[in-house]
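Chemist: Next up, run19.cif (mmCIF, C-alpha atoms).
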```
data_my_file
loop_
_atom_site.label_atom_id
_atom_site.label_comp_id
_atom_site.auth_asym_id
_atom_site.auth_seq_id
_atom_site.Cartn_x
_atom_site.Cartn_y
_atom_site.Cartn_z
CA MET M 1 -132.65 102.15 -171.26
CA LYS M 2 -130.89 99.01 -172.56
CA LYS M 3 -128.82 101.07 -175.03
CA GLN M 4 -127.77 103.39 -172.23
CA ALA M 5 -126.89 100.43 -170.03
CA GLY M 6 -124.91 98.89 -172.90
CA ARG M 7 -123.04 102.12 -173.50
CA SER M 8 -122.22 102.29 -169.76
CA LEU M 9 -121.03 98.69 -169.76
CA MET M 10 -118.79 99.20 -172.81
CA ALA M 11 -117.41 102.35 -171.31
CA GLY M 12 -116.57 100.38 -168.20
CA VAL M 13 -114.82 97.71 -170.26
CA ARG M 14 -112.85 100.33 -172.17
CA ALA M 15 -111.90 101.98 -168.88
CA TRP M 16 -110.83 98.62 -167.39
CA ARG M 17 -108.72 97.34 -170.24
CA PRO M 18 -105.85 99.81 -169.93
CA GLY M 19 -105.60 98.98 -166.24
CA ARG M 20 -105.37 95.29 -167.06
CA LYS M 21 -102.67 95.93 -169.65
CA THR M 22 -100.75 97.99 -167.13
CA ALA M 23 -100.97 95.17 -164.61
CA ILE M 24 -99.73 92.66 -167.17
CA ARG M 25 -96.86 94.92 -168.14
CA ALA M 26 -95.98 95.42 -164.48
CA ALA M 27 -96.04 91.66 -163.87
CA LEU M 28 -93.78 91.06 -166.87
CA ALA M 29 -91.42 93.79 -165.75
CA LEU M 30 -91.27 92.28 -162.26
CA ALA M 31 -90.60 88.83 -163.72
CA LEU M 32 -87.75 90.26 -165.76
CA VAL M 33 -86.33 92.01 -162.71
CA VAL M 34 -86.31 88.69 -160.87
CA LEU M 35 -85.29 86.41 -163.73
CA LEU M 36 -82.60 88.43 -165.47
CA PRO M 37 -80.21 88.45 -162.48
CA VAL M 38 -80.87 84.73 -162.00
CA ILE M 39 -80.08 84.04 -165.67
CA ALA M 40 -76.99 86.23 -165.49
CA ALA M 41 -75.84 84.52 -162.29
CA GLY M 42 -76.39 81.09 -163.85
CA SER M 43 -74.35 82.05 -166.89
CA ALA M 44 -71.56 83.36 -164.66
CA LEU M 45 -71.49 80.14 -162.63
CA ARG M 46 -71.36 78.00 -165.76
CA ALA M 47 -68.46 80.12 -166.98
CA SER M 48 -66.70 79.67 -163.63
CA TYR M 49 -66.90 75.90 -164.08
CA ALA M 50 -65.32 76.02 -167.54
CA GLY M 51 -61.67 75.44 -168.30
CA SER M 52 -59.16 73.07 -166.76
CA PRO M 53 -57.57 73.20 -163.31
CA ALA M 54 -53.80 73.44 -163.16
CA ALA M 55 -52.04 70.11 -162.88
CA ASP M 56 -50.43 71.22 -159.62
CA ALA M 57 -53.72 72.39 -158.07
CA VAL M 58 -53.87 69.29 -155.88
CA THR M 59 -53.64 68.45 -152.20
CA ARG M 60 -51.18 70.36 -150.06
CA GLY M 61 -51.48 67.87 -147.19
CA ARG M 62 -53.83 70.13 -145.19
CA ASP M 63 -57.22 68.44 -145.65
CA ALA M 64 -59.77 67.63 -142.95
CA VAL M 65 -62.84 65.49 -142.35
CA TRP M 66 -65.74 65.88 -139.93
CA LEU M 67 -66.29 62.70 -137.87
CA GLY M 68 -69.49 61.98 -135.95
CA HIS M 69 -69.88 61.45 -132.20
CA ALA M 70 -69.91 57.68 -132.71
CA TRP M 71 -66.10 57.77 -132.59
CA LEU M 72 -66.24 58.91 -128.97
CA ASP M 73 -69.24 57.04 -127.58
CA GLY M 74 -68.06 53.54 -128.47
CA ARG M 75 -70.13 52.86 -131.59
CA ARG M 76 -67.00 52.98 -133.79
CA GLY M 77 -64.52 50.18 -133.22
CA PRO M 78 -61.33 48.65 -134.65
CA ALA M 79 -62.98 47.67 -137.96
CA ASP M 80 -64.13 51.26 -138.49
CA LEU M 81 -60.68 52.57 -137.71
CA ALA M 82 -59.14 50.14 -140.22
CA ALA M 83 -61.61 51.31 -142.88
CA LEU M 84 -60.82 54.95 -142.14
CA LYS M 85 -57.10 54.21 -142.44
CA ARG M 86 -57.61 52.60 -145.87
CA ARG M 87 -59.56 55.64 -147.08
CA LEU M 88 -57.02 58.17 -145.82
CA ASP M 89 -53.73 56.45 -146.59
CA GLY M 90 -51.84 58.39 -149.24
CA THR M 91 -54.22 61.36 -149.17
CA GLY M 92 -53.54 64.86 -147.90
CA MET M 93 -55.58 64.36 -144.73
CA ARG M 94 -54.21 66.22 -141.74
CA ASP M 95 -57.10 67.06 -139.39
CA LEU M 96 -59.94 65.04 -137.93
CA TYR M 97 -62.80 67.08 -136.44
CA ILE M 98 -64.40 64.67 -133.96
CA HIS M 99 -67.77 65.74 -132.58
CA ALA M 100 -67.14 66.20 -128.86
CA GLY M 101 -70.22 68.30 -128.03
CA PRO M 102 -72.68 69.69 -128.39
CA LEU M 103 -72.18 72.66 -126.13
CA GLU M 104 -74.93 73.41 -123.66
CA HIS M 105 -76.89 76.59 -124.40
CA ASP M 106 -74.94 78.37 -121.64
CA GLY M 107 -71.63 77.51 -123.34
CA THR M 108 -70.60 74.75 -120.94
CA LEU M 109 -69.61 71.23 -122.02
CA PRO M 110 -70.49 68.10 -119.99
CA ALA M 111 -67.38 66.01 -119.34
CA GLY M 112 -69.32 62.87 -120.24
CA ALA M 113 -69.59 64.02 -123.85
CA TYR M 114 -65.90 63.31 -124.45
CA ALA M 115 -65.11 60.80 -121.68
CA ASN M 116 -63.27 58.34 -123.95
CA SER M 117 -61.35 60.96 -125.90
CA ARG M 118 -57.80 60.16 -124.81
CA LYS M 119 -58.14 56.47 -125.67
CA VAL M 120 -59.67 57.31 -129.05
CA ILE M 121 -57.04 59.94 -129.85
CA ASP M 122 -54.23 57.49 -129.01
CA SER M 123 -55.78 54.85 -131.29
CA LEU M 124 -56.08 57.35 -134.14
CA HIS M 125 -52.46 58.43 -133.74
CA ARG M 126 -51.25 54.82 -133.86
CA ALA M 127 -53.26 54.07 -137.00
CA LEU M 128 -52.69 57.42 -138.71
CA PRO M 129 -49.28 58.86 -137.81
CA GLY M 130 -49.07 62.62 -138.27
CA ILE M 131 -52.83 63.16 -138.02
CA ARG M 132 -54.14 65.97 -135.81
CA VAL M 133 -57.33 65.42 -133.80
CA GLN M 134 -59.53 68.41 -133.04
CA ALA M 135 -62.62 68.63 -130.84
CA TRP M 136 -65.65 69.65 -132.89
CA LEU M 137 -67.81 71.85 -130.67
CA GLY M 138 -70.99 73.64 -131.64
CA ASP M 139 -74.49 74.80 -130.89
CA LYS M 140 -77.38 76.63 -132.48
CA LEU M 141 -77.21 80.40 -131.96
CA VAL M 142 -80.11 82.58 -130.91
CA ARG M 143 -80.27 86.35 -130.79
CA PRO M 144 -82.04 88.62 -128.29
CA GLY M 145 -85.77 88.10 -128.58
CA GLU M 146 -85.45 84.61 -130.13
CA GLY M 147 -85.92 82.69 -126.88
CA SER M 148 -83.53 80.56 -124.86
CA ASN M 149 -83.27 77.48 -127.09
CA GLY M 150 -79.72 78.17 -128.17
CA LEU M 151 -76.42 79.86 -127.36
CA ARG M 152 -76.43 83.65 -126.88
CA LEU M 153 -73.16 85.17 -128.06
CA ASP M 154 -74.19 88.57 -126.73
CA SER M 155 -73.82 87.06 -123.24
CA ALA M 156 -70.33 87.60 -121.84
CA PRO M 157 -70.74 84.70 -119.35
CA ALA M 158 -71.74 82.37 -122.21
CA ARG M 159 -68.70 83.39 -124.26
CA ALA M 160 -66.47 82.83 -121.23
CA ALA M 161 -68.02 79.38 -120.76
CA VAL M 162 -67.22 78.47 -124.38
CA VAL M 163 -63.60 79.44 -123.80
CA GLU M 164 -63.48 77.27 -120.68
CA SER M 165 -65.06 74.38 -122.64
CA ALA M 166 -62.23 74.72 -125.14
CA ARG M 167 -59.69 74.53 -122.35
CA GLN M 168 -61.41 71.36 -121.09
CA VAL M 169 -61.07 69.47 -124.35
CA MET M 170 -57.47 70.60 -124.74
CA ARG M 171 -56.72 69.15 -121.29
CA ALA M 172 -58.42 65.93 -122.42
CA GLY M 173 -55.83 65.41 -125.16
CA PHE M 174 -57.29 67.10 -128.23
CA GLU M 175 -54.87 69.05 -130.40
CA GLY M 176 -57.24 71.78 -131.45
CA VAL M 177 -60.78 73.11 -131.26
CA HIS M 178 -63.05 73.23 -134.29
CA LEU M 179 -65.93 75.61 -133.52
CA ASP M 180 -69.18 75.31 -135.47
CA VAL M 181 -71.87 77.65 -134.13
CA GLU M 182 -74.65 78.65 -136.52
CA PRO M 183 -76.01 80.89 -137.83
CA VAL M 184 -73.52 83.72 -137.36
CA ARG M 185 -74.84 86.80 -139.10
CA THR M 186 -72.42 88.90 -141.09
CA GLY M 187 -70.85 91.66 -139.03
CA ASP M 188 -71.59 89.95 -135.69
CA ARG M 189 -69.19 91.63 -133.27
CA ASP M 190 -69.98 89.21 -130.45
CA PHE M 191 -68.67 86.31 -132.55
CA LEU M 192 -65.46 88.23 -133.18
CA ALA M 193 -65.19 88.94 -129.44
CA LEU M 194 -65.53 85.20 -128.77
CA LEU M 195 -62.74 84.43 -131.24
CA ASP M 196 -60.53 87.12 -129.69
CA ALA M 197 -60.78 85.28 -126.36
CA LEU M 198 -60.85 81.74 -127.72
CA HIS M 199 -57.84 81.88 -130.02
CA PRO M 200 -55.19 82.73 -127.39
CA ALA M 201 -56.73 80.25 -124.94
CA VAL M 202 -56.41 77.37 -127.43
CA ARG M 203 -52.98 78.45 -128.63
CA SER M 204 -51.64 78.71 -125.07
CA ALA M 205 -52.74 75.10 -124.55
CA GLY M 206 -50.65 74.08 -127.58
CA GLY M 207 -53.55 73.70 -130.02
CA VAL M 208 -55.04 75.30 -133.11
CA LEU M 209 -58.35 77.09 -133.47
CA SER M 210 -60.46 76.13 -136.45
CA ILE M 211 -63.77 77.67 -137.50
CA ALA M 212 -66.63 76.39 -139.65
CA ALA M 213 -67.48 79.44 -141.75
CA GLN M 214 -70.49 80.49 -143.78
CA GLN M 215 -70.33 81.32 -147.47
CA ILE M 216 -69.39 84.70 -148.93
CA ASP M 217 -71.78 86.91 -150.90
CA PRO M 218 -71.69 85.40 -154.39
CA VAL M 219 -72.75 88.79 -155.77
CA PRO M 220 -72.37 92.23 -154.15
CA ALA M 221 -74.88 92.98 -151.36
CA MET M 222 -76.68 89.63 -151.59
CA HIS M 223 -76.39 89.40 -147.82
CA ALA M 224 -78.56 92.52 -147.58
CA ALA M 225 -81.31 90.79 -149.58
CA ALA M 226 -80.89 87.68 -147.45
CA HIS M 227 -81.37 89.71 -144.27
CA PHE M 228 -84.48 91.31 -145.78
CA VAL M 229 -86.14 87.89 -145.96
CA GLY M 230 -84.71 86.81 -142.62
CA SER M 231 -81.89 84.55 -143.86
CA PRO M 232 -78.35 84.82 -142.45
CA LYS M 233 -76.95 82.67 -145.27
CA TRP M 234 -73.98 84.74 -146.43
CA TRP M 235 -71.15 86.75 -144.96
CA THR M 236 -69.60 89.74 -146.66
CA GLN M 237 -66.12 89.11 -147.98
CA ARG M 238 -64.80 91.65 -145.49
CA TYR M 239 -66.37 89.84 -142.53
CA PHE M 240 -65.03 86.49 -143.74
CA GLY M 241 -61.57 88.05 -143.69
CA GLN M 242 -62.11 89.41 -140.17
CA VAL M 243 -62.98 85.93 -138.94
CA ALA M 244 -60.10 84.31 -140.82
CA ARG M 245 -57.59 86.66 -139.21
CA ARG M 246 -58.67 85.47 -135.77
CA THR M 247 -58.14 81.75 -136.47
CA ASP M 248 -55.49 79.23 -137.48
CA GLN M 249 -57.84 77.48 -139.87
CA ILE M 250 -61.14 78.39 -141.51
CA ALA M 251 -63.31 75.79 -143.24
CA MET M 252 -66.04 77.18 -145.47
CA MET M 253 -69.28 75.18 -145.48
CA SER M 254 -69.57 75.40 -149.27
CA TYR M 255 -72.69 73.28 -149.62
CA ASP M 256 -76.46 73.61 -149.06
CA THR M 257 -76.62 76.06 -151.95
CA ALA M 258 -80.02 74.98 -153.38
CA LEU M 259 -78.45 74.92 -156.85
CA PRO M 260 -80.16 72.31 -159.07
CA ILE M 261 -77.42 71.53 -161.61
CA GLU M 262 -73.94 70.08 -161.03
CA SER M 263 -72.16 72.56 -163.31
CA LEU M 264 -73.77 75.51 -161.50
CA TYR M 265 -72.72 74.11 -158.14
CA GLY M 266 -69.16 73.47 -159.32
CA GLY M 267 -68.95 77.02 -160.67
CA TYR M 268 -70.31 78.32 -157.37
CA VAL M 269 -67.56 76.51 -155.41
CA ALA M 270 -64.96 77.89 -157.82
CA ARG M 271 -66.20 81.43 -157.21
CA GLN M 272 -66.42 80.94 -153.43
CA THR M 273 -62.84 79.65 -153.46
CA GLU M 274 -61.62 82.74 -155.28
CA LEU M 275 -63.46 85.10 -152.94
CA ALA M 276 -62.18 83.32 -149.83
CA LEU M 277 -58.59 83.22 -151.08
CA GLN M 278 -58.65 86.98 -151.62
CA VAL M 279 -59.23 87.73 -147.93
CA THR M 280 -57.75 84.78 -146.01
CA PRO M 281 -54.34 85.69 -144.54
CA SER M 282 -51.37 83.71 -145.81
CA GLY M 283 -50.81 82.36 -142.30
CA THR M 284 -54.30 80.86 -142.00
CA ASP M 285 -55.33 77.52 -143.50
CA LEU M 286 -58.29 77.90 -145.87
CA LEU M 287 -60.34 74.75 -146.41
CA MET M 288 -63.28 74.41 -148.82
CA GLY M 289 -66.04 72.10 -147.65
CA LEU M 290 -67.08 69.09 -149.75
CA PRO M 291 -70.57 67.55 -149.45
CA PHE M 292 -70.17 63.94 -148.34
CA TYR M 293 -73.91 63.50 -147.72
CA HIS M 294 -76.92 62.86 -149.93
CA THR M 295 -80.09 64.25 -148.41
CA ASP M 296 -82.49 65.99 -150.77
CA ASP M 297 -84.38 69.07 -149.63
CA MET M 298 -84.87 72.71 -150.58
CA GLY M 299 -81.30 73.63 -149.66
CA HIS M 300 -79.42 70.60 -150.97
CA HIS M 301 -79.88 68.58 -154.14
CA GLY M 302 -77.66 65.53 -153.96
CA HIS M 303 -77.52 65.04 -157.73
CA ALA M 304 -76.13 68.58 -158.13
CA GLU M 305 -74.00 69.12 -155.04
CA THR M 306 -71.54 66.32 -155.66
CA ALA M 307 -68.12 65.79 -154.16
CA ALA M 308 -66.64 65.58 -157.66
CA ALA M 309 -68.05 68.99 -158.66
CA ALA M 310 -66.81 70.56 -155.41
CA VAL M 311 -63.30 69.16 -155.88
CA ARG M 312 -63.10 70.44 -159.46
CA GLY M 313 -64.58 73.82 -158.46
CA ALA M 314 -62.04 74.26 -155.65
CA ARG M 315 -59.20 73.35 -158.01
CA LEU M 316 -60.41 75.88 -160.58
CA GLY M 317 -60.69 78.63 -157.97
CA LEU M 318 -57.22 77.85 -156.61
CA THR M 319 -55.77 77.83 -160.14
CA ARG M 320 -57.19 81.25 -160.96
CA GLU M 321 -56.63 83.09 -157.70
CA ASP M 322 -53.60 81.79 -155.79
CA ARG M 323 -52.11 78.77 -157.49
CA ASP M 324 -48.98 78.63 -155.33
CA ARG M 325 -50.75 78.92 -151.98
CA LYS M 326 -49.71 76.11 -149.64
CA ARG M 327 -52.12 76.70 -146.75
CA PHE M 328 -55.14 75.40 -148.63
CA GLY M 329 -57.17 72.20 -148.45
CA LEU M 330 -60.50 70.46 -148.62
CA ALA M 331 -62.78 69.54 -145.70
CA LEU M 332 -65.12 66.55 -146.08
CA TYR M 333 -68.58 66.65 -144.47
CA VAL M 334 -69.39 64.12 -143.07
CA ASP M 335 -67.95 60.60 -142.50
CA PHE M 336 -71.14 58.79 -141.47
CA ALA M 337 -73.06 59.83 -144.60
CA ALA M 338 -70.25 59.36 -147.13
CA THR M 339 -70.33 56.80 -149.93
CA GLU M 340 -67.45 55.05 -151.63
CA ASP M 341 -68.06 57.29 -154.65
CA ASP M 342 -67.51 60.35 -152.42
CA TRP M 343 -64.22 59.01 -151.12
CA ARG M 344 -63.17 58.08 -154.67
CA ALA M 345 -63.97 61.59 -155.93
CA TYR M 346 -61.79 63.08 -153.21
CA ARG M 347 -58.86 60.69 -153.71
CA THR M 348 -58.78 60.78 -157.51
CA GLY M 349 -59.82 64.39 -158.04
CA TRP M 350 -57.61 66.03 -155.40
CA GLY M 351 -54.58 63.76 -155.72
CA ALA M 352 -52.14 62.12 -153.35
CA ARG M 353 -49.88 63.71 -150.79
CA GLY M 354 -46.67 64.86 -152.44
#
```
Would it be possible to restate this file's structure as structure tokens?

Modeler:
Amino acid sequence: MKKQAGRSLMAGVRAWRPGRKTAIRAALALALVVLLPVIAAGSALRASYAGSPAADAVTRGRDAVWLGHAWLDGRRGPADLAALKRRLDGTGMRDLYIHAGPLEHDGTLPAGAYANSRKVIDSLHRALPGIRVQAWLGDKLVRPGEGSNGLRLDSAPARAAVVESARQVMRAGFEGVHLDVEPVRTGDRDFLALLDALHPAVRSAGGVLSIAAQQIDPVPAMHAAAHFVGSPKWWTQRYFGQVARRTDQIAMMSYDTALPIESLYGGYVARQTELALQVTPSGTDLLMGLPFYHTDDMGHHGHAETAAAAVRGARLGLTREDRDRKRFGLALYVDFAATEDDWRAYRTGWGARG
């Protein structure tokens, strides 16, 4: 009886072992499927960060910086303006995106949000001749079925309200509208419809329309994988071009990449710059965003996503793809979180206005 039981047990072990080996092989194969593209992508990004930027891949005098709402609500005063002037003198800064929102979820904008705008704009013009001041407007987007805690672009009345909000800030003395609504999913036709209405409204008021844009697929079809896990992180290159053609200026938010090493991040910015240059019309300003903030979380590692790496990456991408392009610049996000090292990296790495 014991021998028979032993034989049965051994038979069971022999029967189980091949299954275990198969599972191990499957796990290893899956790990390779996941890791090999990551390793290949890392190698490609390191390669993108290699080499030297062209000596003339420096500021074209079309840079921008995002400024917080404190400039409009009275928390920023003459001393702050003097400090901003010192940081920007001699640089290629052209546009200031001052937070004048946020938009309400129905697309409207309370007049109280930008009540002091004309006084502030006049002060900025006196201190920084030639600067252009744009109203930074934005809101979180929600899609059908995601509730009401956000702006619905599929709503025609909401889109019309955004256009009217743009007209309001133009009447208040701003020289452009910088729209930052997130997340816009790649291929979103409602966003394009908003731009089709917004652009002529801003232009007819004598201003420029600027857009904060999401990143482009770093590898083909990555946006499809992102959608599979519910993330709207990337746009296709084609969609980026469709948005760019509907604007005067497009500023890519080339940060929050989750990359853990500075060289990988710099290579990523170089590649994003190349991809964006390929599809941005010659008549549209393309700006690459620089991280001027230092939070550490899953999406942003401050020791890796540095202003210096972003500047060098943008210069490398410009050198390789469209070295002579004039409508190109850097956009600095954001003034209230920036350090002196950030400002130094921008000034020394990107050069002075020619």

Chemist: In Å, with one decimal, what is the gap from CA of Gly101 (chain M) to CA of Ala113 (chain M)?

Modeler: 6.0 Å

Chemist: Could you state which residues are captured by the PyMOL selection byres ((chain M and resi 244-247) around 12) in this file, as a ChimeraX atom specification?

Modeler: /M:176-179,191-203,207-214,237-243,248-252,276-287

Chemist: Quick one: distance from CA of Arg143 (chain M) to CA of Gly107 (chain M) in Å, one decimal?

Modeler: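 Pair CA of Arg143 (chain M) / CA of Gly107 (chain M) returns 14.4 Å.
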
Chemist: Could you work out how far CA of Asn116 (chain M) lies from CA of Trp71 (chain M), giving the answer in Å with one decimal?

Modeler: 9.1 Å

Chemist: M:Lys140, M:Arg87, M:Arg46, M:Arg94: which is nearest Arg327 (chain M), counting all atoms listed in the file?

Modeler: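 Of all the options, M:Arg94 lies closest to Arg327 (chain M).
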
Chemist: At a cut-off of 12 Å, using all atoms listed in the file, what residues contact region 298-303 of chain M? Leave out same-chain residues fewer than 6 positions from it and give the result as a VMD selection string.

Modeler: chain M and resid 233 254 to 266 290 to 292 309 337 to 338 342

Chemist: Can you translate the PyMOL selection byres ((chain M and resi 155) around 10) into the concrete residues it hits in this file, as a compact mmCIF listing (two decimals) with C-alpha atoms, keeping the file's coordinate frame?

Modeler:
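As a result, result20.txt now contains:
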```
# COMPACT_ATOMS: atom_id res chain seq x y z
CA ASP M 106 -74.94 78.37 -121.64
CA GLY M 107 -71.63 77.51 -123.34
CA ARG M 143 -80.27 86.35 -130.79
CA PRO M 144 -82.04 88.62 -128.29
CA LEU M 151 -76.42 79.86 -127.36
CA ARG M 152 -76.43 83.65 -126.88
CA LEU M 153 -73.16 85.17 -128.06
CA ASP M 154 -74.19 88.57 -126.73
CA ALA M 156 -70.33 87.60 -121.84
CA PRO M 157 -70.74 84.70 -119.35
CA ALA M 158 -71.74 82.37 -122.21
CA ARG M 159 -68.70 83.39 -124.26
CA ALA M 160 -66.47 82.83 -121.23
CA ALA M 161 -68.02 79.38 -120.76
CA ASP M 190 -69.98 89.21 -130.45
```

Chemist: Just want the 10 Å neighbourhood of Leu128 (chain M), counted on only C-alpha atoms, with same-chain residues fewer than 6 positions away dropped. Output as an MDAnalysis selection string.

Modeler: chainID M and resid 81:82 84:86 88:89 93:94 122

Chemist: Hey, what's within 8 Å of Glu104 (chain M) if we count only C-alpha atoms and toss same-chain stuff fewer than 4 positions away? As an mmCIF file with C-alpha atoms, keeping the file's coordinate frame, please?

Modeler:
```cif
data_model
loop_
_atom_site.group_PDB
_atom_site.id
_atom_site.type_symbol
_atom_site.label_atom_id
_atom_site.label_comp_id
_atom_site.auth_asym_id
_atom_site.auth_seq_id
_atom_site.Cartn_x
_atom_site.Cartn_y
_atom_site.Cartn_z
ATOM 1 C CA THR M 108 -70.600 74.750 -120.940
ATOM 2 C CA LEU M 109 -69.610 71.230 -122.020
ATOM 3 C CA PRO M 110 -70.490 68.100 -119.990
ATOM 4 C CA ASP M 139 -74.490 74.800 -130.890
ATOM 5 C CA LEU M 151 -76.420 79.860 -127.360
#
```

Chemist: Looking at only C-alpha atoms, which of M:Leu141, M:Ala310, M:Ala111, M:Val162 is the one that sits closest to Asp188 (chain M)?

Modeler: M:Leu141

Chemist: Given the PyMOL selection byres ((chain M and resi 169) around 10) and the file above, list the residues it selects as an MDAnalysis selection string.

Modeler: chainID M and resid 100:101 109 111 114:115 117:118 134:137 164:168 170:177 202

Chemist: Would you mind exporting C-alpha atoms of the selected residues as a tab-separated table (two decimals), keeping the file's coordinate frame?

Modeler:
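This is the output file out.tsv:
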```tsv
chain	number	residue	atom	x	y	z
M	100	ALA	CA	-67.14	66.20	-128.86
M	101	GLY	CA	-70.22	68.30	-128.03
M	109	LEU	CA	-69.61	71.23	-122.02
M	111	ALA	CA	-67.38	66.01	-119.34
M	114	TYR	CA	-65.90	63.31	-124.45
M	115	ALA	CA	-65.11	60.80	-121.68
M	117	SER	CA	-61.35	60.96	-125.90
M	118	ARG	CA	-57.80	60.16	-124.81
M	134	GLN	CA	-59.53	68.41	-133.04
M	135	ALA	CA	-62.62	68.63	-130.84
M	136	TRP	CA	-65.65	69.65	-132.89
M	137	LEU	CA	-67.81	71.85	-130.67
M	164	GLU	CA	-63.48	77.27	-120.68
M	165	SER	CA	-65.06	74.38	-122.64
M	166	ALA	CA	-62.23	74.72	-125.14
M	167	ARG	CA	-59.69	74.53	-122.35
M	168	GLN	CA	-61.41	71.36	-121.09
M	170	MET	CA	-57.47	70.60	-124.74
M	171	ARG	CA	-56.72	69.15	-121.29
M	172	ALA	CA	-58.42	65.93	-122.42
M	173	GLY	CA	-55.83	65.41	-125.16
M	174	PHE	CA	-57.29	67.10	-128.23
M	175	GLU	CA	-54.87	69.05	-130.40
M	176	GLY	CA	-57.24	71.78	-131.45
M	177	VAL	CA	-60.78	73.11	-131.26
M	202	VAL	CA	-56.41	77.37	-127.43
```

Chemist: For a quick check of understanding, using all atoms listed in the file, which of M:Arg60, M:Glu321, M:Asp297, M:Ala331 has the smallest distance to Tyr346 (chain M)?

Modeler: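 Checking each candidate against Tyr346 (chain M), we get M:Ala331 as the closest.
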
Chemist: Using only C-alpha atoms, which of M:Asp217, M:Asp180, M:Asp335, M:Asp296 sits nearest Arg271 (chain M)?

Modeler: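 Under the stated criterion, the closest residue is M:Asp217.
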
Chemist: Measuring atom to atom with only C-alpha atoms, identify which of M:Trp234, M:Trp343, M:Tyr333, M:Tyr293 is nearest to His99 (chain M).

Modeler: M:Tyr333

Chemist: I'd like to know which of M:Ala57, M:Ala44, M:Leu96, M:Ala205 is closest to Asp324 (chain M), using all atoms listed in the file.

Modeler: M:Ala57
